[in-house]
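Asker: Dumping the structure here so I can ask a few things about it.
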Amino acid sequence: MFLKTNDLQCLLLYLDAFTDEEISYLYKQLNDMGKSMVFIQCEEVLEQKIPPQSLVLKETFQDKIFGPQKIIESAMDLTGFESYQMLVVSKSHQQLKPAINLPIGTVLYNKNPHILYEDIGHLPDLKVEEIEKIPQLFNLTTGYFSEIVTTYITQYKPLSNSGYVFRFFAQSEQTSVEMISAGRYFGPKHSLYESIQLSKRITKSKSETSQNNLFKSIYKPIIQFINEQNLVSGITRVPSRPEKADRLAPIVKMLSIELGFKDLSSNLICINNYPTHKNLGKEQRFINVRNQFKADLMEPLEHVVIIDDVFTTGATMLECAKTLYNAGVKKVTGVVLGVNQFADEFLDRYIVCENCGGRLHLRLNNKNRSAFYGCEHYHQHQCPTLSYGKGLNRMVTENSIKLANTLDKF
Ligand SMILES: [Zn+2]
């Protein structure tokens, strides 16, 4: 169960590349759980052994061009379920991409531990490496680690304290860094911006420190994991420009004390107030940060972890890594809370105030960790607020794919 779905009932499986064993395993598991399954057969793919009497949809050439919305509508029609009760699973990231922003759960099943660098801006709701994980998704409240542990229904308890992370290699012509991201970041133009607390918390952390402990609890187990694979010598962060507050340095300090690693914040600094990145394209960002950082190490270091909050193009992360490599560091690993996701400009996802019809926005309580929905016209009409759980439930159910005509359901 993801923050984008509700009451999962049905699995849509893109058949390409699935073996007969995997198909029959999933079919049996889902059947035992009382869940439905619809197979999507692609044109040119060899015939797999599909269990008799199962539901099959054929992907047409048009579906390939225009994306999976029609297939999902056919599956809704065939099963009677809403799109938010469905999970689409594929072994191909390319095949999954057009479904990622639709109101349906998306899962990439793929044994490669790394996501391709060019794909990180279009991440599915989850990537799993073991087939046994897929049926479990119907029973669990799960998702990416940082998105789940920053989701507070009340001020006391996060949704869960475990979740998935993903890995990729950030690369430029001169540098490569292995990255671990704890989740996804959705900017204000993204249709999930008003659903996911992580993005709001990151925005809030730009101007104050109330989220520091929560963010520390995300970085900490990831750095411990990195240390188990490859001993860590010290921790630093992507430094802010000199005119800005060094927001991540206090988190590095806490992590260094708790984990017993060297705090290298003062050893990697930004030396210029380079122009802000906001309106720059990928290549301009790389030029913009070139030679803007300086590393001074007292001794040679083997392995340094750099933390940052949001990873967009990787320009600053790679420039910091290059600066550390040039200062003699042998290996650099990056850890971020989220990778910035591309928005689909045609998608809007919102709920309206029952009092005045204005839009409800996801807001964070200033005194504790809870989140709630508040009306954009609150000051004018004193509209009542909505709890996060109720608001998210409305967000999911009111923004599902609507079938154009009401055909008889099976
Ligand atoms: Zn209102």
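Residues are referred to by chain and number: the chain letter is A, B, ... according to the order shown in the structure tokens, the number counts from 1 in that chain, and ligands are numbered separately from 1 in the order shown.
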Could the residues that lie within 7 Å of ligand 1, counting only C-alpha atoms and all ligand atoms, be listed as a list in words?

Answerer: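 Those residues are Cys353, Glu354, Asn355, Cys356, Gly357, Gly358, Cys375, Glu376, His377, Tyr378, His381 and Cys383 of chain A.
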
Asker: Excluding Leu13 of chain A and residues on its chain fewer than 2 positions from it, collect all residues at most 12 Å away from it, counting only C-alpha atoms, and give them as an MDAnalysis selection string.

Answerer: chainID A and resid 10:11 15:18 22:24 26:27 30 36:42 50 54:59 71:72 75 86:92 95:96 105:109 134

Asker: Report, in Å with one decimal, the straight-line distance from atom CA of Asn340 of chain A to atom CA of Pro124 of chain A.

Answerer: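 A separation of 12.8 Å between them.
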
Asker: Could you please write out, as a ChimeraX atom specification, every residue of segment 31-258 of chain A that DSSP assigns to strand (DSSP E or B)?

Answerer: /A:36-41,55-58,86-90,105-109,114-115,126-128,144,152,158,164,166-171,176-181,184-185,234-237

Asker: Write out as a PyMOL selection string all residues of segment 113-312 of chain A that backbone DSSP assigns to alpha helix (DSSP H).

Answerer: chain A and resi 133-136+145-149+197-205+212-229+249-259+282-289

Asker: Could you jot down the atom CA of Arg290 of chain A to atom CA of Lys262 of chain A separation for me, Å, one decimal place?

Answerer: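 We find that atom CA of Arg290 of chain A and atom CA of Lys262 of chain A lie 26.1 Å from each other.
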
Asker: Would you please work out which residue, of A:Val352, A:Leu8, A:Val252, A:Ile115, is nearest to Gly374 of chain A when using only C-alpha atoms?

Answerer: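 Using only C-alpha atoms, the shortest distance to Gly374 of chain A belongs to A:Val352.
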
Asker: Measuring atom to atom with only C-alpha atoms, identify which of A:Phe2, A:Tyr152, A:Phe81, A:Tyr117 is nearest to Leu140 of chain A.

Answerer: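 Checking each of A:Phe2, A:Tyr152, A:Phe81, A:Tyr117 against Leu140 of chain A, counting only C-alpha atoms, the winner is A:Phe2.
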
Asker: Go through A:Gln29, A:Thr236, A:Leu337, A:Phe372 and flag the residue nearest Gln136 of chain A, using only C-alpha atoms for the distances.

Answerer: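 Residue with the minimum atom-to-atom distance to Gln136 of chain A: A:Gln29.
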
Asker: Could you build a table of the residues in segment 277-372 of chain A lying no more than 8 Å from segment 198-221 of chain A, giving for each the nearest pair of atoms and their separation in Å rounded to one decimal place, using only C-alpha atoms, ordered by chain and ascending residue number, as a Markdown table?

Answerer:
```
| residue | atom | partner | partner_atom | distance |
| --- | --- | --- | --- | --- |
| A:Ile307 | CA | A:Tyr219 | CA | 7.8 |
| A:Asp309 | CA | A:Ile202 | CA | 7.2 |
| A:Val335 | CA | A:Tyr219 | CA | 7.2 |
| A:Val336 | CA | A:Tyr219 | CA | 7.8 |
| A:Leu337 | CA | A:Ile218 | CA | 7.5 |
| A:Leu362 | CA | A:Lys200 | CA | 7.8 |
| A:Arg363 | CA | A:Lys200 | CA | 7.5 |
| A:Leu364 | CA | A:Lys200 | CA | 7.5 |
```

Asker: Please determine, counting only C-alpha atoms, which residue among A:Ser172, A:Asn101, A:Glu82, A:Leu297 has the shortest atom-to-atom distance to Ser233 of chain A.

Answerer: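 So, comparing all the options, the nearest one is A:Leu297.
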
Asker: Work out how far apart atom CA of Phe145 of chain A and atom CA of Asp32 of chain A are and give it in Å to one decimal.

Answerer: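 Those two atoms sit 28.5 Å apart.
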
Asker: Counting only C-alpha atoms, which residue out of A:Phe261, A:Tyr25, A:Tyr144, A:Phe186 sits closest to Ile235 of chain A?

Answerer: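 Looking only at the distances to Ile235 of chain A, the closest residue turns out to be A:Phe261.
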
Asker: Excluding Val289 of chain A and any residue of its chain fewer than 5 positions from it, enumerate the residues within 8 Å of it, using only C-alpha atoms, and give them as a ChimeraX atom specification.

Answerer: /A:274,315-316,319

Asker: Could you save those same residues with C-alpha atoms as a PDB file, in the first residue's frame?

Answerer:
```pdb
ATOM      1  CA  TYR A 274      27.476  31.331  -7.067  1.00  0.00           C
ATOM      2  CA  ALA A 315      25.831  19.054 -10.343  1.00  0.00           C
ATOM      3  CA  THR A 316      26.706  20.170  -6.789  1.00  0.00           C
ATOM      4  CA  GLU A 319      31.455  18.891  -7.908  1.00  0.00           C
TER       5      GLU A 319
END
```

Asker: Excluding same-chain residues fewer than 5 positions from segment 223-227 of chain A, what lies within 8 Å of it counting only C-alpha atoms, as a list in words?

Answerer: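 Those residues are Val232, Leu259, Val305 and Val335 of chain A.
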
Asker: Would you mind listing what lies within 8 Å of segment 157-161 of chain A as a list in words, with only C-alpha atoms counted and same-chain residues fewer than 5 positions away left out?

Answerer: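 Surrounding residues, per the criterion: Thr141, Thr142, Phe145, Ile148, Val149, Thr150, Thr151 and Tyr152 of chain A.
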
Asker: I need the residues from that last selection saved to file as a JSON list (two decimals), in the first residue's frame (with C-alpha atoms), if you can.

Answerer:
```json
[["chain", "number", "residue", "atom", "x", "y", "z"],
["A", 141, "THR", "CA", 2.12, -0.04, 4.57],
["A", 142, "THR", "CA", 5.35, 0.58, 2.76],
["A", 145, "PHE", "CA", 12.17, 4.90, 3.53],
["A", 148, "ILE", "CA", 7.30, 6.59, 5.05],
["A", 149, "VAL", "CA", 9.20, 7.65, 8.18],
["A", 150, "THR", "CA", 8.34, 11.33, 7.63],
["A", 151, "THR", "CA", 4.63, 10.55, 7.28],
["A", 152, "TYR", "CA", 3.03, 11.30, 10.65]]
```
